[in-house]
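For reference, target21.txt is printed below; it contains compact mmCIF, C-alpha atoms.
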# COMPACT_ATOMS: atom_id res chain seq x y z
CA MET G 1 33.65 79.12 152.76
CA ASP G 2 37.27 79.92 153.55
CA TRP G 3 37.97 76.41 154.60
CA ILE G 4 36.87 75.18 151.12
CA TYR G 5 39.38 77.50 149.44
CA GLY G 6 41.98 76.32 151.92
CA LEU G 7 41.21 72.69 151.05
CA VAL G 8 41.37 73.39 147.31
CA GLY G 9 44.71 75.16 147.82
CA ALA G 10 46.10 72.28 149.86
CA ASN G 11 44.92 69.80 147.23
CA ALA G 12 46.50 71.81 144.45
CA ALA G 13 49.77 71.96 146.37
CA LEU G 14 49.64 68.21 147.00
CA TYR G 15 49.00 67.43 143.34
CA LEU G 16 51.75 69.82 142.24
CA LEU G 17 54.16 68.09 144.59
CA LEU G 18 53.08 64.70 143.26
CA ALA G 19 53.46 65.87 139.67
CA TYR G 20 56.93 67.27 140.45
CA GLN G 21 58.00 63.99 142.00
CA LEU G 22 56.66 62.00 139.07
CA ILE G 23 58.50 64.22 136.59
CA HIS G 24 61.66 64.01 138.68
CA ALA G 25 61.42 60.23 138.89
CA TRP G 26 60.82 60.01 135.14
CA ARG G 27 63.80 62.24 134.40
CA SER G 28 66.02 60.33 136.80
CA ARG G 29 65.10 56.92 135.46
CA THR G 30 67.93 54.99 133.91
CA ARG G 31 67.48 52.61 131.09
CA HIS G 32 67.90 48.99 131.97
CA ALA G 33 71.31 47.50 131.30
CA GLY G 34 71.86 43.77 131.35
CA ASN G 35 75.63 43.78 131.27
CA LEU G 36 78.76 45.91 131.38
CA ARG G 37 78.71 46.71 127.68
CA GLU G 38 75.09 47.88 127.81
CA ALA G 39 75.76 49.92 130.95
CA PHE G 40 78.49 51.84 129.16
CA GLY G 41 76.14 52.27 126.20
CA VAL G 42 73.61 53.91 128.57
CA LEU G 43 76.34 56.09 130.06
CA ASP G 44 77.56 57.14 126.62
CA GLU G 45 74.08 58.39 125.72
CA GLU G 46 73.82 60.34 128.98
CA VAL G 47 77.27 61.84 128.54
CA LYS G 48 76.39 63.05 125.05
CA LYS G 49 73.21 64.66 126.40
CA GLU G 50 74.36 66.01 129.74
CA MET G 51 77.98 66.95 129.07
CA PRO G 52 77.80 69.00 125.87
CA SER G 53 81.11 70.69 126.65
CA LEU G 54 82.95 67.46 125.84
CA PRO G 55 84.06 67.38 122.18
CA PRO G 56 82.94 64.47 119.97
CA GLY G 57 86.48 63.07 120.09
CA HIS G 58 86.50 62.60 123.86
CA THR G 59 87.58 59.34 125.44
CA TRP G 60 86.17 57.62 128.51
CA ARG G 61 89.11 58.77 130.61
CA GLU G 62 88.64 62.38 129.53
CA MET G 63 84.97 62.13 130.41
CA VAL G 64 85.82 60.78 133.87
CA ALA G 65 88.33 63.59 134.46
CA GLU G 66 85.63 66.12 133.58
CA ALA G 67 82.92 64.36 135.64
CA LYS G 68 85.16 64.24 138.71
CA ARG G 69 85.26 68.01 138.70
CA ARG G 70 81.50 68.03 139.25
CA ASP G 71 79.85 67.30 142.57
CA LEU G 72 78.52 63.83 141.74
CA GLN G 73 77.57 61.12 144.20
CA VAL G 74 79.62 58.35 142.60
CA ASP G 75 81.96 55.82 144.14
CA TRP G 76 84.89 56.52 141.82
CA THR G 77 86.90 53.52 143.02
CA SER G 78 84.15 51.11 142.01
CA PHE G 79 83.58 53.02 138.82
CA GLY G 80 87.31 52.83 138.04
CA LYS G 81 87.21 49.03 138.40
CA SER G 82 84.21 48.82 136.07
CA MET G 83 85.95 51.05 133.56
CA ASP G 84 89.14 48.98 133.65
CA ALA G 85 87.02 45.90 132.99
CA TYR G 86 85.15 47.63 130.18
CA GLU G 87 88.37 48.80 128.52
CA GLU G 88 89.69 45.25 128.66
CA LEU G 89 86.46 44.01 127.12
CA ARG G 90 86.14 46.75 124.53
CA TYR G 91 89.72 47.27 123.42
CA GLY G 92 91.34 44.03 124.52
CA ASP G 93 88.59 41.67 123.30
CA SER G 94 88.70 39.93 126.65
CA GLU G 95 85.37 38.27 127.39
CA ARG G 96 86.44 37.15 130.86
CA VAL G 97 85.51 40.58 132.29
CA ALA G 98 82.08 40.75 130.68
CA GLU G 99 80.43 39.83 133.98
CA ALA G 100 82.08 42.65 135.94
CA ASP G 101 79.99 44.84 138.25
CA TYR G 102 78.44 47.82 136.48
CA ARG G 103 76.21 49.39 139.14
CA GLU G 104 78.40 52.48 139.52
CA VAL G 105 78.32 53.02 135.76
CA LEU G 106 74.54 53.34 135.96
CA SER G 107 74.89 55.50 139.07
CA LEU G 108 77.06 57.91 137.12
CA ALA G 109 74.50 57.98 134.30
CA ARG G 110 71.77 58.75 136.89
CA GLU G 111 73.87 61.42 138.57
CA LEU G 112 74.57 63.16 135.30
CA LYS G 113 70.82 63.32 134.71
CA ARG G 114 70.19 64.57 138.20
CA MET G 115 72.73 67.36 137.86
CA LYS G 116 71.10 68.77 134.76
CA MET F 117 107.68 43.12 133.95
CA ILE F 118 107.51 45.89 131.39
CA SER F 119 105.49 48.32 133.48
CA ASN F 120 108.27 48.78 136.05
CA ILE F 121 111.10 49.25 133.57
CA SER F 122 110.19 52.91 133.28
CA SER F 123 110.65 53.56 137.00
CA ARG F 124 113.88 51.54 137.08
CA ILE F 125 115.37 53.66 134.29
CA LEU F 126 114.06 56.90 135.75
CA ASP F 127 115.69 56.04 139.08
CA GLN F 128 119.02 55.89 137.27
CA THR F 129 118.71 58.92 135.00
CA ARG F 130 117.58 61.04 137.96
CA LYS F 131 121.03 60.56 139.46
CA VAL F 132 122.51 62.90 136.85
CA VAL F 133 119.59 64.67 135.18
CA VAL F 134 117.17 66.85 137.12
CA GLY F 135 113.57 66.81 135.85
CA ARG F 136 113.08 65.51 132.28
CA GLU F 137 111.02 62.51 133.45
CA GLU F 138 108.49 62.93 130.66
CA GLU F 139 111.24 63.23 128.03
CA THR F 140 112.91 60.07 129.39
CA ARG F 141 109.62 58.18 129.21
CA LEU F 142 109.11 59.30 125.62
CA ILE F 143 112.61 58.17 124.59
CA LEU F 144 112.02 54.81 126.27
CA GLU F 145 108.68 54.39 124.51
CA CYS F 146 110.28 55.21 121.20
CA PHE F 147 113.08 52.74 121.88
CA LEU F 148 110.58 49.97 122.66
CA ALA F 149 108.62 50.94 119.55
CA ARG F 150 111.79 50.40 117.46
CA GLY F 151 111.88 54.06 116.44
CA HIS F 152 114.29 56.99 116.48
CA VAL F 153 113.95 60.31 118.28
CA LEU F 154 114.67 63.87 117.29
CA LEU F 155 115.52 65.87 120.40
CA GLU F 156 114.89 69.53 119.82
CA GLY F 157 115.98 72.32 122.10
CA VAL F 158 118.39 75.18 122.54
CA PRO F 159 121.99 74.28 123.52
CA GLY F 160 122.74 73.48 127.15
CA ILE F 161 119.33 72.09 128.05
CA SER F 162 120.52 68.57 129.01
CA LYS F 163 119.71 66.73 125.77
CA THR F 164 123.11 65.07 125.56
CA LEU F 165 123.29 64.44 129.29
CA LEU F 166 119.95 62.67 129.24
CA ALA F 167 120.90 60.61 126.17
CA ARG F 168 124.11 59.43 127.88
CA ALA F 169 122.35 58.62 131.14
CA PHE F 170 119.59 56.78 129.28
CA ALA F 171 122.11 54.68 127.35
CA LYS F 172 124.03 53.86 130.49
CA SER F 173 120.94 52.83 132.40
CA LEU F 174 120.13 50.38 129.60
CA GLY F 175 123.66 49.04 129.64
CA LEU F 176 123.92 49.29 125.88
CA GLU F 177 126.72 50.43 123.64
CA PHE F 178 126.56 54.18 123.14
CA LYS F 179 128.34 56.42 120.65
CA ARG F 180 128.16 60.12 120.09
CA VAL F 181 128.92 61.92 116.84
CA GLN F 182 129.11 65.68 116.58
CA PHE F 183 127.82 66.51 113.12
CA THR F 184 129.72 69.19 111.18
CA PRO F 185 129.39 70.68 107.69
CA ASP F 186 132.62 69.01 106.45
CA MET F 187 131.55 65.44 107.25
CA LEU F 188 131.41 62.63 104.73
CA PRO F 189 129.02 59.65 104.74
CA LEU F 190 132.03 57.41 105.51
CA ASP F 191 132.43 59.22 108.85
CA ILE F 192 129.06 57.77 109.88
CA VAL F 193 128.56 54.45 108.19
CA GLY F 194 132.21 53.42 107.78
CA GLY F 195 134.04 52.33 104.68
CA PHE F 196 136.75 50.17 103.19
CA VAL F 197 140.34 50.71 104.32
CA TYR F 198 143.44 49.04 102.98
CA ASN F 199 144.98 46.39 105.21
CA GLN F 200 148.64 46.23 104.28
CA ALA F 201 149.27 42.95 106.14
CA LYS F 202 146.52 41.13 104.28
CA ASN F 203 147.05 43.11 101.11
CA SER F 204 143.30 43.67 100.82
CA PHE F 205 140.56 46.14 101.59
CA GLU F 206 138.44 45.49 104.63
CA PHE F 207 135.30 47.13 105.94
CA ARG F 208 135.77 49.35 108.97
CA LYS F 209 132.50 49.99 110.77
CA GLY F 210 131.49 53.60 111.42
CA PRO F 211 129.91 54.95 114.61
CA VAL F 212 126.43 54.03 113.39
CA PHE F 213 127.23 50.44 114.44
CA THR F 214 126.06 50.80 117.99
CA ASN F 215 122.88 50.35 120.03
CA ILE F 216 122.37 54.01 120.87
CA LEU F 217 123.78 56.70 118.60
CA LEU F 218 123.62 60.32 119.66
CA ALA F 219 123.74 62.32 116.44
CA ASP F 220 124.47 65.74 117.88
CA GLU F 221 123.24 68.66 115.76
CA VAL F 222 122.14 66.37 112.97
CA ASN F 223 121.11 69.35 110.86
CA ARG F 224 124.71 70.62 110.68
CA ALA F 225 125.79 67.77 108.42
CA PRO F 226 125.41 68.12 104.65
CA PRO F 227 122.47 66.33 103.01
CA LYS F 228 124.61 63.36 101.83
CA VAL F 229 125.59 62.53 105.40
CA GLN F 230 122.06 63.02 106.71
CA SER F 231 120.82 60.79 103.96
CA ALA F 232 123.37 58.04 104.75
CA LEU F 233 122.40 58.12 108.41
CA LEU F 234 118.69 58.19 107.80
CA GLU F 235 118.87 55.31 105.32
CA ALA F 236 120.71 53.29 107.95
CA MET F 237 118.00 54.19 110.48
CA GLN F 238 115.28 53.00 108.17
CA GLU F 239 116.85 49.83 106.84
CA LEU F 240 118.87 48.94 109.95
CA GLN F 241 121.69 48.02 107.63
CA VAL F 242 124.51 49.75 105.78
CA THR F 243 125.59 49.06 102.23
CA VAL F 244 128.92 50.38 101.00
CA GLU F 245 130.14 49.44 97.52
CA GLY F 246 127.87 46.43 97.38
CA HIS F 247 128.91 45.19 100.81
CA THR F 248 126.01 45.01 103.30
CA GLU F 249 126.42 45.01 107.06
CA LEU F 250 123.53 44.69 109.51
CA LEU F 251 123.32 47.16 112.37
CA PRO F 252 123.09 45.81 115.93
CA CYS F 253 119.65 45.15 117.35
CA PRO F 254 118.14 47.04 119.11
CA MET F 255 119.35 50.31 117.65
CA ILE F 256 118.09 53.84 118.21
CA VAL F 257 119.29 57.17 116.89
CA LEU F 258 118.83 60.18 119.11
CA GLY F 259 119.31 63.14 116.79
CA THR F 260 119.54 66.59 118.31
CA GLU F 261 118.58 69.81 116.62
CA ASN F 262 118.78 73.42 117.72
CA PRO F 263 115.63 75.21 116.57
CA VAL F 264 116.99 78.76 116.79
CA GLU F 265 120.16 78.45 114.75
CA PHE F 266 119.93 79.03 111.00
CA GLN F 267 123.54 79.71 109.97
CA GLY F 268 125.59 76.79 108.73
CA VAL F 269 122.76 74.31 109.01
CA TYR F 270 121.03 72.10 106.47
CA PRO F 271 117.42 71.74 107.68
CA LEU F 272 116.16 68.19 107.43
CA PRO F 273 113.70 67.85 104.53
CA GLU F 274 110.24 66.37 105.16
CA GLY F 275 111.19 62.95 103.81
CA GLN F 276 114.00 62.68 106.32
CA LEU F 277 112.04 64.11 109.21
CA ASP F 278 109.52 61.36 108.53
CA ARG F 279 112.16 58.79 109.54
CA PHE F 280 112.22 60.15 113.08
CA THR F 281 109.43 58.49 114.99
CA MET F 282 109.14 61.24 117.58
CA ARG F 283 110.23 64.79 118.07
CA VAL F 284 110.74 65.51 121.75
CA VAL F 285 110.98 69.20 122.51
CA PHE F 286 113.16 70.18 125.46
CA SER F 287 111.83 73.38 126.98
CA TYR F 288 113.32 75.41 129.79
CA GLN F 289 112.56 73.92 133.19
CA PRO F 290 110.30 75.56 135.81
CA LEU F 291 112.01 77.82 138.35
CA GLU F 292 112.15 75.27 141.16
CA VAL F 293 113.61 72.57 138.90
CA GLU F 294 116.16 74.96 137.43
CA THR F 295 117.27 75.80 140.96
CA ASP F 296 117.76 72.07 141.54
CA VAL F 297 119.78 71.87 138.32
CA LEU F 298 122.10 74.58 139.59
CA GLN F 299 122.36 72.84 142.95
CA ARG F 300 123.26 69.55 141.25
CA ASN F 301 125.98 71.26 139.23
CA LEU F 302 127.79 72.71 142.21
CA GLY F 303 129.93 69.59 142.08
CA ASP F 304 130.95 67.22 139.28
CA ILE F 305 128.27 65.05 137.71
CA ASP F 306 128.97 61.46 138.72
CA PHE F 307 128.15 59.28 135.73
CA GLY F 308 129.57 56.31 137.59
CA ALA F 309 126.47 56.40 139.80
CA VAL F 310 124.25 55.45 136.85
CA GLN F 311 123.99 51.68 136.76
CA PRO F 312 122.62 49.45 134.00
CA VAL F 313 119.22 48.16 135.12
CA VAL F 314 118.13 46.21 132.06
CA GLY F 315 120.02 43.60 130.08
CA LEU F 316 120.10 43.22 126.32
CA SER F 317 118.07 40.01 126.30
CA GLU F 318 115.47 41.54 128.61
CA LEU F 319 115.21 44.55 126.30
CA GLN F 320 114.69 42.31 123.31
CA GLU F 321 111.92 40.51 125.20
CA LEU F 322 110.31 43.84 126.09
CA ILE F 323 110.40 44.95 122.47
CA GLU F 324 108.70 41.71 121.50
CA GLU F 325 106.13 42.23 124.26
CA VAL F 326 105.31 45.67 122.83
CA GLN F 327 104.82 44.16 119.38
CA ASN F 328 102.27 41.76 120.86
CA ILE F 329 100.11 44.47 122.43
CA LYS F 330 96.58 43.93 121.18
CA VAL F 331 95.12 46.42 118.70
CA THR F 332 91.52 45.94 117.58
CA ARG F 333 90.46 46.61 114.01
CA GLU F 334 88.28 49.45 115.28
CA MET F 335 91.32 51.14 116.80
CA LEU F 336 93.13 50.80 113.48
CA GLY F 337 90.11 52.39 111.83
CA TYR F 338 90.22 55.26 114.32
CA LEU F 339 93.88 55.86 113.53
CA ALA F 340 93.21 55.80 109.79
CA LYS F 341 90.32 58.27 110.25
CA LEU F 342 92.63 60.64 112.13
CA GLY F 343 95.17 60.41 109.32
CA GLN F 344 92.59 61.10 106.63
CA ALA F 345 91.06 63.99 108.57
CA MET F 346 94.46 65.66 108.81
CA ARG F 347 95.29 65.03 105.16
CA THR F 348 92.08 66.77 104.09
CA ASP F 349 92.53 69.70 106.49
CA PRO F 350 92.82 72.82 104.31
CA ARG F 351 95.41 74.30 106.66
CA LEU F 352 97.91 71.56 105.87
CA ASP F 353 100.03 71.19 102.77
CA LEU F 354 101.35 67.86 103.93
CA GLY F 355 99.45 65.46 106.19
CA PRO F 356 100.73 62.38 108.00
CA SER F 357 102.14 59.59 105.85
CA PRO F 358 101.09 55.97 106.33
CA ARG F 359 104.55 55.45 107.87
CA ALA F 360 103.74 58.18 110.40
CA LEU F 361 100.52 56.39 111.36
CA VAL F 362 102.32 53.08 111.69
CA GLN F 363 104.86 54.69 113.99
CA LEU F 364 102.10 56.33 116.01
CA LEU F 365 100.53 52.90 116.41
CA HIS F 366 103.83 51.41 117.62
CA CYS F 367 104.28 54.25 120.12
CA ALA F 368 100.72 53.75 121.38
CA GLN F 369 101.54 50.06 121.90
CA ALA F 370 104.70 50.98 123.82
CA ARG F 371 102.74 53.42 126.00
CA ALA F 372 100.10 50.81 126.73
CA ALA F 373 102.77 48.27 127.67
CA LEU F 374 104.52 50.71 129.99
CA GLU F 375 101.18 51.38 131.67
CA GLY F 376 100.75 47.67 132.24
CA ARG F 377 98.02 47.07 129.69
CA SER F 378 97.99 44.34 127.04
CA PHE F 379 95.87 46.41 124.61
CA ILE F 380 95.80 49.99 123.40
CA ILE F 381 93.04 52.47 124.17
CA PRO F 382 92.20 55.71 122.31
CA ASP F 383 94.03 57.70 124.99
CA ASP F 384 97.31 56.07 123.94
CA ILE F 385 96.88 57.35 120.41
CA LYS F 386 95.76 60.79 121.54
CA ALA F 387 98.62 61.14 124.01
CA ARG F 388 101.28 60.43 121.41
CA SER F 389 99.78 62.14 118.36
CA ASP F 390 101.58 65.42 118.82
CA VAL F 391 105.09 64.08 119.47
CA VAL F 392 104.81 61.61 116.60
CA LEU F 393 103.03 63.74 114.00
CA ALA F 394 103.77 67.44 114.55
CA HIS F 395 107.25 67.46 112.98
CA ARG F 396 106.01 65.72 109.83
CA LEU F 397 103.11 68.02 109.01
CA ARG F 398 103.53 71.17 106.96
CA LEU F 399 101.20 74.14 107.21
CA THR F 400 100.04 75.91 104.07
CA ARG F 401 101.63 79.30 103.46
CA GLU F 402 98.34 80.99 104.38
CA ALA F 403 98.02 79.15 107.68
CA ALA F 404 101.65 79.90 108.48
CA LEU F 405 101.18 83.60 107.72
CA LYS F 406 98.08 83.71 109.88
CA GLY F 407 100.33 82.62 112.71
CA LEU F 408 98.64 79.32 113.49
CA ALA F 409 100.50 78.83 116.73
CA PRO F 410 102.22 76.62 117.69
CA GLY F 411 102.29 75.22 114.20
CA PRO F 412 100.65 71.94 113.22
CA SER F 413 100.04 71.05 116.88
CA LYS F 414 96.85 73.08 116.80
CA VAL F 415 95.58 71.17 113.76
CA ILE F 416 96.38 67.87 115.47
CA ALA F 417 94.58 68.91 118.67
CA GLU F 418 91.50 70.04 116.76
CA THR F 419 91.41 66.84 114.71
CA LEU F 420 91.59 64.76 117.89
CA GLU F 421 88.63 66.71 119.24
CA LYS F 422 86.58 66.11 116.10
CA VAL F 423 87.18 62.46 115.29
CA GLU F 424 85.13 60.14 117.49
CA PRO F 425 87.14 57.26 118.97
CA PRO F 426 85.64 53.80 119.54
CA ARG F 427 83.82 53.94 122.87
Mind converting the file's structure to structure tokens?
Amino acid sequence: MDWIYGLVGANAALYLLLAYQLIHAWRSRTRHAGNLREAFGVLDEEVKKEMPSLPPGHTWREMVAEAKRRDLQVDWTSFGKSMDAYEELRYGDSERVAEADYREVLSLARELKRMK
Amino acid sequence: MISNISSRILDQTRKVVVGREEETRLILECFLARGHVLLEGVPGISKTLLARAFAKSLGLEFKRVQFTPDMLPLDIVGGFVYNQAKNSFEFRKGPVFTNILLADEVNRAPPKVQSALLEAMQELQVTVEGHTELLPCPMIVLGTENPVEFQGVYPLPEGQLDRFTMRVVFSYQPLEVETDVLQRNLGDIDFGAVQPVVGLSELQELIEEVQNIKVTREMLGYLAKLGQAMRTDPRLDLGPSPRALVQLLHCAQARAALEGRSFIIPDDIKARSDVVLAHRLRLTREAALKGLAPGPSKVIAETLEKVEPPR
């Protein structure tokens, strides 16, 4: 009979592990972003949720300064390029940078979620 | 072109002034924003030295006037003098007709003189007995003020403080820098080493470049929201005037240009809010008695934290 209990225990552990991984994957999911502007929209939502210490009047640069103090797996050079492009798009009305790479922006959003 | 002007000027001013890089940058920004600066600090803290070095590095005409309680408006703006040869009166220009005027201890002059100077700063022209003369362009007044002296001074009223675009506070330097200052002063200061690095036409182009820095309507809205939030703050008797906000906008444009951007970002506005607004705001008596330190700066900082910028 012991082996049955052992099997039930192993099954329970396996299902728990599966459930944990599903929850983790669901929590770590990042909304889809089709362009640079949307990617920063996703990031803004994550920042508001995951960095409550930032005041409502924070700017992107202040957020980056704060995020860099955390142990996040982000390529800050690539992120910096994306942010420069976004600033040009957002505050300079320059559409020529709309196609800039935004993968690191989504990475930062994911990392902020992961660090919670 | 504009982004390296700051380093070119700093290279020159460093030859005679130790430290004070941030103050130099602020004066340059204000100059490019077509404003005037109030330099505040105790005596002997290199305000005048920096002003002279700054003027020389720009290669512009520089005049210094020591303000005293017995001055008359004519001593600043000029006036009519009799020319015996021509048997007529002719206008003799006062020291305000220059590109960079150092108005030393501006609060020592009586209100009439302060008023004459500040009108000239605002209008960039002088009118004496119906005769109008335009001031040179560009023109900046660097007024100095000693914050700890109260005897024999006429504090600038709010309306006149509002004419100064920025107030730059000169604090004591850190220990290491002060040691360098002493080291530098073991010998004579060689002003001849400071060379002009920008020409007049180039400066005029730079000023035009600053005026063309892009500002979106949303950024204007953000600035207006900041102004309104401060005006309705119960701790303030007097909030920022529309002129103050306009000058903050111009300084933000100058900062953006010096950083090599062709548009302003919220950080430009936030970075210059204190130097542009703090000297114009007045705390209520209650807030002052509660010791809201260091004055309106705290209100400005809290407002910047509350008002959401365009993101």
key: 6 Å contact set for range 142-157 of chain F, only C-alpha atoms, chain neighbours under 3 positions out, as a count of residues only   = 19
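If we count only C-alpha atoms, these residues of chain G sit within 6 Å of chain F: Pro55, Pro56, Gly57 and Gly92 of chain G.
You can rank F:Asn203, F:Gln311, F:Gln363, F:Thr248 by their closest distance to Gly175 in chain F using all atoms listed in the file, and at the top of that list sits F:Gln311.
Relative to CA of Ile121 in chain F, CA of Glu318 in chain F is found at 10.2 Å.
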message = Show me, as a ChimeraX atom specification, the residues that have an atom within 6 Å of range 226-235 of chain F when counting all atoms listed in the file, minus same-chain residues fewer than 2 positions from it.
response = /F:185,188-189,237-238
Would you save the residues from that selection as a PDB file, in the coordinates of the input, using C-alpha atoms?
ATOM      1  CA  PRO F 185     129.390  70.680 107.690  1.00  0.00           C
ATOM      2  CA  LEU F 188     131.410  62.630 104.730  1.00  0.00           C
ATOM      3  CA  PRO F 189     129.020  59.650 104.740  1.00  0.00           C
ATOM      4  CA  MET F 237     118.000  54.190 110.480  1.00  0.00           C
ATOM      5  CA  GLN F 238     115.280  53.000 108.170  1.00  0.00           C
TER       6      GLN F 238
END
ask   = Hey, can you check how far CA of Asp101 in chain G sits from CA of Ala85 in chain G?
value = 8.8 Å
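CA of Glu88 in chain G to CA of Glu324 in chain F spans 20.6 Å [interatomic distance, one decimal].
Using only C-alpha atoms for every distance, the candidate list F:Glu138, F:Glu249, F:Glu402, F:Glu239 yields F:Glu249 as the residue closest to Gly210 in chain F.
With all atoms listed in the file as the atoms that count, the minimum distance from Leu272 in chain F to the choices F:Lys209, F:Arg224, F:Arg168, F:Lys163 is reached by F:Arg224.
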